[in-house]
Amino acid sequence: MHIKELEYHTPVSLAEACALLSSGGPGAKIFAGGTDILPDLKRNRINAGSLISLAALDGLKKIEKRGAALWIGPLVSPDTLDRSALVREIFPGLSEAAASMAANQVRGMATTGGNLCSAVPSADLPPSLLTAEAELVLTSSAGERRLALKDFFLGPRKTALRQDEILTGILIPEFPRGTGTAYDKFQARDASALAIAGAAARLTVKDNKIVKALVAIGACAPTPLLLAAAGEFLTGKEPTEQNFARAGELAAQGVKPISDIRGSEQYRRDICRVLTIRVLRRALTCSKR
Amino acid sequence: MLKKITLNVNGDDHTLAVRPNETLQDLLRIGLGLTGTKKGCESGVCGACTVLIDGEPRNSCIVLAVSADGKKITTIEGLAKEGKLHPLQASFIHNGAVQCGYCTPGMLMSAKALIDKNPNPSEEEIKRAFGGNLCRCTGYVKIIEAIKGWKDFSGDKLNDVAGEKTESVGRSLHRKDAPDKVTGRARYTGDMSLPGMLHGKILTSPVAHAKVKSIDTSAAEKLPGVKAVITWKDVSEILYGVSPARYDEHVLAKDRVRYVGDEIAAVAAVDEATAAKAVALIKVEFESLPEVFTIDDAMKAGAPVLHEKYPTNVNVDVNYTFGDMEKGFAEADLVLEQRYKGNRTYQSPMEPHATLARWEANGRLTIWTSTQVPHYVQHMLARVLEIPMGRIRVIRPAVGGGFGVKAETTPLDFCSVYLAKKTGRPVMMKYDRKEMLHHGRGRHMQYIDLKIGVKKDGTITAVDQTAYLDGGAYTSFGIVATYYSGAMVPTLYKLPNYKFKGHRVYTNLPACGAFRGHGCPHPRFAFESMLSIIAEKLGLDDIEIRLKNAMTPNSLTANELEVISCEFKATLEQAREASGWREKKGKLPRGKGIGVGCGGFVSGAGYPIYRSDFPHSNAMIRVLEDGTASTLFIAASDIGQGSDTVLCQVAAEELGVPYDSILMSDCDSDIAPLDLGTYSSRVTLMAGNAVKMAAANVKSKLFAFTGAKLGVDPESLTAKGGRVFVKNEPAVGMPWDEAARLAFSQGGPLVGTGCYQPPKLGGKHKGAAVGTSPAYSFGTTIVEVEVDLETGKTKVTDCTDYHDSGKVLNPSAFHGQVHGAVVMSIGETLTENVQFTKEGDVANATLNDYLIPTSMETPRIHSGFVESYEPRGPFGAKEVGEGAALPVIGALANAIYDATGVRITELPITAEKVLNGLKALKK
């Protein structure tokens, strides 16, 4: 397995990175952790004439509060997300998703931005970030634009990121008091395996009423899916087992899974239902912190 | 364009020019010669290449060398300091955490990163930290123990562990190869490099069945850096394979390809990347032929035929009956019938196959190959190349696991030899993971139609089994697999009447071969499942019904196999006690379950693969002139199981010298005499006997001189604890080394030889040779599971295993085999299955799609042994390596049933199948 010849750039500013990207043409690829792109290059699944490494851009490696929002730099690794006290406190569901990924070595190398931009349907971070109504900052030489994460994924390995754009930040709006989050995945092997399904939930509960509910599922459609029907059903209702079960049904109906080597369409729906109920229960517990 | 980088590796600064597409792994291995960093998957899954970058564990195969600029790298070679092992390394050696050693460097680097942050990790923390370090040998148990206990070790302490005792057998002595393996010094074939070495690559078929109309190699030949391209025109047309009766493979396809992966052409170039590029430039014109991918389709009338010699696609047919079936079933109070289906599984050793070939200036061929069977490689090369074996030298470097997949001569062996001949330069060839799965030789998927008749009290009256085996496109080990599928069934229980039919069927898929337990695990799964169903129907306990029918010592099985030592019943009883079976069976809450399964295996095949009268194992021992060391020359193939260590223990015990004074020679056909190699669990018994005889031969020569000097009858002498003395008068004697010096001074080189030939075994029926063995192992496994009733997922929590392996020569190595077999079998039962696209290509050819167990899947394992004394084994020893795998699948199926009420008859027992079963129960 070999990587074809290519150029490698290490820009020292975002502007330089943007310039390299726009001048590099379709063969120019942003290089962050490398854990997806290098195996893909070795298997000739993608072509790259040049890699533009973001390694020198320290500004993209931070996790911080920006006003009321939580800011996650795209170069933050899943391992850092998992260990970050800030993330654990504000958004435990995201920590759980990060902790569930791949294996130790890869969790330390991979990046949050890469997990989004690779747009692999079974990726672990997108469901949680979808439930958080995260917004992405996309930067190019022409300037900056913001895009809701729910509008980012277009298909397997396809995103709304333009060829000249770099994902430079992930903004998570403040969760109201009484909000709980959770992530769970189902995999045939408990490490280093792709999710057969992943589910994230976010519940905001006030006076035993669900004021806001969001459920998102990974690995069960061409893109990670925010399941509006499940969320809408729960909104305004009490957080009961019965309602969670119904939300689970709605999630199972709302996904569009395929049958593949990891499981059949029907089995993925079954798992979606179970995972949705489980993450709702845990999000509820989390909301009472 | 080259980039200049500066990095510090193991304390040394390097300024290097690197290509931007070069991985850190290649920079370390090729650029700096640090081959301790292993290449297992090249895609960031297996963890064998783990190094520390600024103290953090990273997979160096998915790190670009340019991105390591300015970093501090620590590799396995940097772990020992000032000649002293790191405590982790010592702990790995002492705890028996090293087997094939291929995952070891990566494991140690991950362990170093872990303990640097958390010096007292819990078992759970360790398991979690190692989810990205795959191991196929150890079941992770001893690795976890070694990490837990790392603080107890220092380099100095390690040297004291051998202790004062004089015995060598029966003790957990350290492996001979462990120090090299924990320091990254062990050289596997793929780590080697020779001056002028080229790199080869094979072009394989992208289609499952086609005529080859033309092969155009011109573009490949013109590519700069390409030194040779070969097709069928350049190689022998002699067919090869495993069994002489079914040689059906071409070195390179002449006019037909039969599966996705069939070999068509090969290239040698200056580097691997150029060779890969050149292969892609070869143009092959195919004419499609109809394909068959399943047993059912291949057996239909009018099905496409793969080999004209076998117009029904059935290439092995077995049919025998022992006893009176009609009478047997008539005597039964209960008769059950069921079809069971197995799965296609793949050995997945951590080291991919590799071969390095060089033609010497004197016209001889030297080949270094990652093989279990150096002799068969030498034999097959001689046959196909039509040159005498004397012109072929086969060297087996360290081998990173095999489990059967390295038990035959491979296309890499042939192609490297031809390319080396054509170019006049050494040629290295390797498989990557995908190529390994394409080449295949994994476990035959079998259908088992099983019928058992029993009396009310559980006594078996008759067994009728028909097996259909999916063979893939060529025969490989298929004859043996088909016979074994039936021949081993009657070794465990007494079957008064037994009928077996076996049919192996060609399909357009990679050929199946030999895999741990060879042909037996699926029949065993069927039998153990059905026996437990019968017990339930008759109101008997699972263990009682097994005890009732269990094989006993000094028996002849239904198919005329001789069982001498047999403590099968004791393994059942001890496993029952140790697992708390009586308190648990039928009493666990829903979702939890316990199940039992049994199995055993041959201790070496009674007959060789090709007919010859040669002794199966041969050994020489040469005593160093000053008597302080002895070298054992034997070509038995340690592929990780630890047989070199056990053989050295046998030599030391018989010679009466300390274990540490025994040296192991290289496994080199120019140096060590013929041994048939590592398959059929034969090494401990057969090579052990040869070594014992060689040592006895040394002693008899030694005693002649000692006796003369002491003025005593040589017959009255014995040797023990480094002394030669009169048996009845221990004070009369001399130190062993002094005796050896005397012998050398008076008689020249002190050399002993030994050879082992199994006794003539087996009945007179056709195929009676298969299943024969000097001795059989027996074992019982009890597993406990937790099944998630909402998802169907099974977690194995506990495993109790008792095995009768005869006298256990090295308990640590014994338990290591059991742990590895248990965890591998958990994978085979629950998650492993080679799957194919509708075009017949492997659909899950990576290590994150073909799911072998990780450390997270390892249950608590209690491994124990019941020692019998096998008169045909060295010091009473028998096998353990394959037998320990056989009980597990059935035990798990039974435990899952106990937990859920769902009886799955088709492997693997995936979560989906269990959940569907639970749904069906509700209806």
# chains A, B, ... in the order shown; residues from 1 in each chain; ligands from 1
>>> interface_residues(of="chain B", to="chain A", cutoff="6 Å", atoms="only C-alpha atoms", output="number ranges by chain")
B: 20-21, 43, 57-58, 62, 129, 131-132, 273, 848, 856
>>> write_last_selection(atoms="C-alpha atoms", output="mmCIF file, in the first residue's frame")
data_model
loop_
_atom_site.group_PDB
_atom_site.id
_atom_site.type_symbol
_atom_site.label_atom_id
_atom_site.label_comp_id
_atom_site.auth_asym_id
_atom_site.auth_seq_id
_atom_site.Cartn_x
_atom_site.Cartn_y
_atom_site.Cartn_z
ATOM 1 C CA PRO B 20 6.255 13.971 1.279
ATOM 2 C CA ASN B 21 4.375 10.714 0.593
ATOM 3 C CA SER B 43 -4.012 1.483 7.717
ATOM 4 C CA PRO B 57 1.236 6.474 21.158
ATOM 5 C CA ARG B 58 0.697 6.807 17.421
ATOM 6 C CA ILE B 62 -0.662 6.722 9.188
ATOM 7 C CA ALA B 129 -5.946 1.458 26.190
ATOM 8 C CA GLY B 131 -8.278 -1.601 21.811
ATOM 9 C CA GLY B 132 -5.996 -0.484 18.996
ATOM 10 C CA ALA B 273 5.621 1.612 -5.062
ATOM 11 C CA ASN B 848 -11.738 -3.052 10.924
ATOM 12 C CA MET B 856 -12.118 -5.483 24.969
#
>>> residues_around(residues="region 255-271 of chain B", least_positions_apart="4", cutoff="7 Å", atoms="only C-alpha atoms", output="ChimeraX atom specification")
/B:198-213,225-231,275,278-279,306,415,419,438-439,473,508-510,840-841
>>> residues_around(residues="Ala182 (chain A)", least_positions_apart="3", cutoff="9 Å", atoms="only C-alpha atoms", output="list in words")
Phe91, Pro92, Gly93, Leu94, Ser95, Glu96, Ala97, Ser128, Ala199, Ala200, Ala201, Arg202, Arg278, Val279, Leu280, Arg281, Arg282, Ala283, Leu284 and Cys286 of chain A
>>> write_last_selection(atoms="C-alpha atoms", output="PDB file, in the first residue's frame")
ATOM      1  CA  PHE A  91     -21.661  18.716  26.586  1.00  0.00           C
ATOM      2  CA  PRO A  92     -21.052  15.254  28.078  1.00  0.00           C
ATOM      3  CA  GLY A  93     -22.698  13.607  25.076  1.00  0.00           C
ATOM      4  CA  LEU A  94     -19.891  14.890  22.880  1.00  0.00           C
ATOM      5  CA  SER A  95     -17.236  13.555  25.286  1.00  0.00           C
ATOM      6  CA  GLU A  96     -18.935  10.187  25.161  1.00  0.00           C
ATOM      7  CA  ALA A  97     -18.969  10.200  21.388  1.00  0.00           C
ATOM      8  CA  SER A 128     -24.016  14.792  18.944  1.00  0.00           C
ATOM      9  CA  ALA A 199     -27.469   7.800  18.444  1.00  0.00           C
ATOM     10  CA  ALA A 200     -27.256  11.168  20.160  1.00  0.00           C
ATOM     11  CA  ALA A 201     -29.922  12.885  22.183  1.00  0.00           C
ATOM     12  CA  ARG A 202     -30.321  16.270  23.762  1.00  0.00           C
ATOM     13  CA  ARG A 278     -31.182   4.485  25.782  1.00  0.00           C
ATOM     14  CA  VAL A 279     -29.719   7.896  24.955  1.00  0.00           C
ATOM     15  CA  LEU A 280     -32.977   9.625  25.862  1.00  0.00           C
ATOM     16  CA  ARG A 281     -32.900   7.972  29.278  1.00  0.00           C
ATOM     17  CA  ARG A 282     -29.327   9.000  29.785  1.00  0.00           C
ATOM     18  CA  ALA A 283     -29.908  12.516  28.503  1.00  0.00           C
ATOM     19  CA  LEU A 284     -32.746  12.800  30.987  1.00  0.00           C
ATOM     20  CA  CYS A 286     -27.859  14.144  32.595  1.00  0.00           C
TER      21      CYS A 286
END
>>> select_by_dssp(residues="region 12-200 of chain A", states="strand (DSSP E)", output="PyMOL selection string")
chain A and resi 28-31+50-53+63-66+69-72+135-140+143-148+153-155+158-159+166-172+179-186+197-200
>>> closest_residue(among="A:Ile277, A:Cys220, A:Leu147, A:Leu226", to="Arg246 (chain A)", atoms="only C-alpha atoms")
A:Ile277
>>> residues_around(residues="Ser77 (chain A)", least_positions_apart="3", cutoff="10 Å", atoms="only C-alpha atoms", output="PDB file with N, CA and C atoms, in the first residue's frame")
ATOM      1  N   ALA A  32      -5.230  17.260   8.245  1.00  0.00           N
ATOM      2  CA  ALA A  32      -5.275  17.538   9.688  1.00  0.00           C
ATOM      3  C   ALA A  32      -4.663  16.355  10.430  1.00  0.00           C
ATOM      4  N   GLY A  33      -5.489  15.447  10.928  1.00  0.00           N
ATOM      5  CA  GLY A  33      -4.946  14.291  11.655  1.00  0.00           C
ATOM      6  C   GLY A  33      -4.399  13.223  10.745  1.00  0.00           C
ATOM      7  N   LYS A  61      -6.596  24.872  17.438  1.00  0.00           N
ATOM      8  CA  LYS A  61      -6.462  23.725  18.344  1.00  0.00           C
ATOM      9  C   LYS A  61      -7.142  23.939  19.691  1.00  0.00           C
ATOM     10  N   GLY A  73     -12.133  24.208  18.200  1.00  0.00           N
ATOM     11  CA  GLY A  73     -11.275  24.323  17.012  1.00  0.00           C
ATOM     12  C   GLY A  73     -11.288  23.014  16.241  1.00  0.00           C
ATOM     13  N   PRO A  74     -11.164  23.078  14.936  1.00  0.00           N
ATOM     14  CA  PRO A  74     -11.264  21.857  14.127  1.00  0.00           C
ATOM     15  C   PRO A  74     -10.113  20.884  14.350  1.00  0.00           C
ATOM     16  N   THR A  80      -8.710  14.815  23.142  1.00  0.00           N
ATOM     17  CA  THR A  80      -8.801  16.071  23.880  1.00  0.00           C
ATOM     18  C   THR A  80     -10.249  16.393  24.229  1.00  0.00           C
ATOM     19  N   LEU A  81     -11.158  16.142  23.291  1.00  0.00           N
ATOM     20  CA  LEU A  81     -12.580  16.367  23.576  1.00  0.00           C
ATOM     21  C   LEU A  81     -13.014  15.539  24.776  1.00  0.00           C
ATOM     22  N   ASP A  82     -12.555  14.288  24.776  1.00  0.00           N
ATOM     23  CA  ASP A  82     -12.915  13.361  25.847  1.00  0.00           C
ATOM     24  C   ASP A  82     -12.386  13.853  27.187  1.00  0.00           C
ATOM     25  N   ARG A  83     -11.162  14.393  27.178  1.00  0.00           N
ATOM     26  CA  ARG A  83     -10.536  14.799  28.443  1.00  0.00           C
ATOM     27  C   ARG A  83     -10.884  16.220  28.883  1.00  0.00           C
ATOM     28  N   ALA A  98     -16.720  11.109  21.565  1.00  0.00           N
ATOM     29  CA  ALA A  98     -15.278  11.144  21.286  1.00  0.00           C
ATOM     30  C   ALA A  98     -14.593   9.926  21.896  1.00  0.00           C
ATOM     31  N   VAL A 106      -5.515   6.360  17.463  1.00  0.00           N
ATOM     32  CA  VAL A 106      -6.253   7.141  16.472  1.00  0.00           C
ATOM     33  C   VAL A 106      -6.994   8.297  17.132  1.00  0.00           C
ATOM     34  N   ARG A 107      -7.533   8.076  18.319  1.00  0.00           N
ATOM     35  CA  ARG A 107      -8.239   9.155  19.014  1.00  0.00           C
ATOM     36  C   ARG A 107      -7.333  10.342  19.286  1.00  0.00           C
ATOM     37  N   GLY A 108      -6.062  10.055  19.460  1.00  0.00           N
ATOM     38  CA  GLY A 108      -5.125  11.142  19.717  1.00  0.00           C
ATOM     39  C   GLY A 108      -4.702  11.873  18.458  1.00  0.00           C
ATOM     40  N   MET A 109      -4.772  11.211  17.319  1.00  0.00           N
ATOM     41  CA  MET A 109      -4.312  11.817  16.065  1.00  0.00           C
ATOM     42  C   MET A 109      -5.434  12.477  15.299  1.00  0.00           C
ATOM     43  N   ALA A 110      -6.613  11.846  15.323  1.00  0.00           N
ATOM     44  CA  ALA A 110      -7.735  12.328  14.513  1.00  0.00           C
ATOM     45  C   ALA A 110      -8.159  13.707  14.999  1.00  0.00           C
ATOM     46  N   THR A 111      -8.997  14.369  14.211  1.00  0.00           N
ATOM     47  CA  THR A 111      -9.462  15.701  14.601  1.00  0.00           C
ATOM     48  C   THR A 111     -10.984  15.790  14.479  1.00  0.00           C
ATOM     49  N   THR A 112     -11.529  16.729  15.236  1.00  0.00           N
ATOM     50  CA  THR A 112     -12.973  16.961  15.190  1.00  0.00           C
ATOM     51  C   THR A 112     -13.378  17.434  13.799  1.00  0.00           C
ATOM     52  N   GLY A 113     -12.602  18.352  13.251  1.00  0.00           N
ATOM     53  CA  GLY A 113     -12.912  18.865  11.917  1.00  0.00           C
ATOM     54  C   GLY A 113     -12.861  17.762  10.877  1.00  0.00           C
ATOM     55  N   GLY A 114     -11.868  16.898  11.001  1.00  0.00           N
ATOM     56  CA  GLY A 114     -11.732  15.787  10.054  1.00  0.00           C
ATOM     57  C   GLY A 114     -12.911  14.834  10.136  1.00  0.00           C
ATOM     58  N   ASN A 115     -13.371  14.596  11.349  1.00  0.00           N
ATOM     59  CA  ASN A 115     -14.506  13.681  11.528  1.00  0.00           C
ATOM     60  C   ASN A 115     -15.759  14.237  10.850  1.00  0.00           C
TER      61      ASN A 115
END
>>> residues_around(residues="Arg391 (chain B)", least_positions_apart="2", cutoff="9 Å", atoms="only C-alpha atoms", output="list of chain:residue names")
B:Gly363, B:Arg364, B:Leu365, B:Thr366, B:Ala382, B:Ile387, B:Pro388, B:Met389, B:Arg393
>>> residues_around(residues="region 544-558 of chain B", least_positions_apart="4", cutoff="7 Å", atoms="only C-alpha atoms", output="ChimeraX atom specification")
/B:322,458-460,490-498,535,540,562-566,568-569
>>> write_last_selection(atoms="N, CA and C atoms", output="tab-separated table (two decimals), in the first residue's frame")
chain	number	residue	atom	x	y	z
B	322	PHE	N	-19.16	-47.21	9.95
B	322	PHE	CA	-18.62	-48.15	10.94
B	322	PHE	C	-19.78	-48.63	11.80
B	458	GLY	N	-29.29	-41.36	27.85
B	458	GLY	CA	-28.29	-40.50	27.23
B	458	GLY	C	-27.21	-41.23	26.45
B	459	THR	N	-27.23	-42.56	26.49
B	459	THR	CA	-26.21	-43.32	25.77
B	459	THR	C	-26.40	-43.15	24.26
B	460	ILE	N	-25.34	-42.75	23.59
B	460	ILE	CA	-25.42	-42.56	22.14
B	460	ILE	C	-25.42	-43.93	21.47
B	490	PRO	N	-15.57	-39.19	16.16
B	490	PRO	CA	-15.66	-40.30	17.14
B	490	PRO	C	-14.54	-40.34	18.17
B	491	THR	N	-13.63	-39.35	18.18
B	491	THR	CA	-12.52	-39.44	19.15
B	491	THR	C	-12.95	-39.01	20.54
B	492	LEU	N	-14.02	-38.26	20.63
B	492	LEU	CA	-14.36	-37.64	21.91
B	492	LEU	C	-15.35	-38.50	22.71
B	493	TYR	N	-16.32	-39.03	21.98
B	493	TYR	CA	-17.35	-39.84	22.63
B	493	TYR	C	-17.35	-41.22	22.00
B	494	LYS	N	-17.85	-42.18	22.74
B	494	LYS	CA	-17.91	-43.55	22.22
B	494	LYS	C	-19.15	-43.68	21.34
B	495	LEU	N	-18.92	-43.89	20.07
B	495	LEU	CA	-20.02	-43.99	19.12
B	495	LEU	C	-20.03	-45.43	18.59
B	496	PRO	N	-21.00	-46.23	18.99
B	496	PRO	CA	-21.00	-47.63	18.56
B	496	PRO	C	-21.24	-47.76	17.06
B	497	ASN	N	-22.01	-46.85	16.49
B	497	ASN	CA	-22.29	-46.91	15.06
B	497	ASN	C	-22.10	-45.50	14.49
B	498	TYR	N	-21.33	-45.42	13.43
B	498	TYR	CA	-20.99	-44.09	12.92
B	498	TYR	C	-20.88	-44.09	11.41
B	535	ALA	N	-29.75	-33.48	25.82
B	535	ALA	CA	-29.76	-33.52	27.29
B	535	ALA	C	-31.01	-32.84	27.82
B	540	LEU	N	-31.62	-34.50	31.19
B	540	LEU	CA	-30.30	-34.81	31.74
B	540	LEU	C	-29.46	-33.55	31.81
B	562	GLU	N	-6.47	-45.17	17.70
B	562	GLU	CA	-6.02	-45.65	19.01
B	562	GLU	C	-5.90	-44.50	20.00
B	563	VAL	N	-6.68	-44.56	21.05
B	563	VAL	CA	-6.56	-43.58	22.12
B	563	VAL	C	-5.87	-44.27	23.29
B	564	ILE	N	-4.75	-43.76	23.71
B	564	ILE	CA	-4.06	-44.36	24.86
B	564	ILE	C	-4.37	-43.53	26.11
B	565	SER	N	-3.68	-42.41	26.27
B	565	SER	CA	-3.97	-41.60	27.45
B	565	SER	C	-5.24	-40.80	27.21
B	566	CYS	N	-6.06	-40.66	28.25
B	566	CYS	CA	-7.31	-39.92	28.09
B	566	CYS	C	-7.88	-39.55	29.45
B	568	PHE	N	-10.35	-37.29	29.66
B	568	PHE	CA	-11.48	-36.46	29.24
B	568	PHE	C	-12.49	-36.27	30.37
B	569	LYS	N	-12.84	-37.38	31.03
B	569	LYS	CA	-13.84	-37.27	32.10
B	569	LYS	C	-13.38	-36.31	33.19
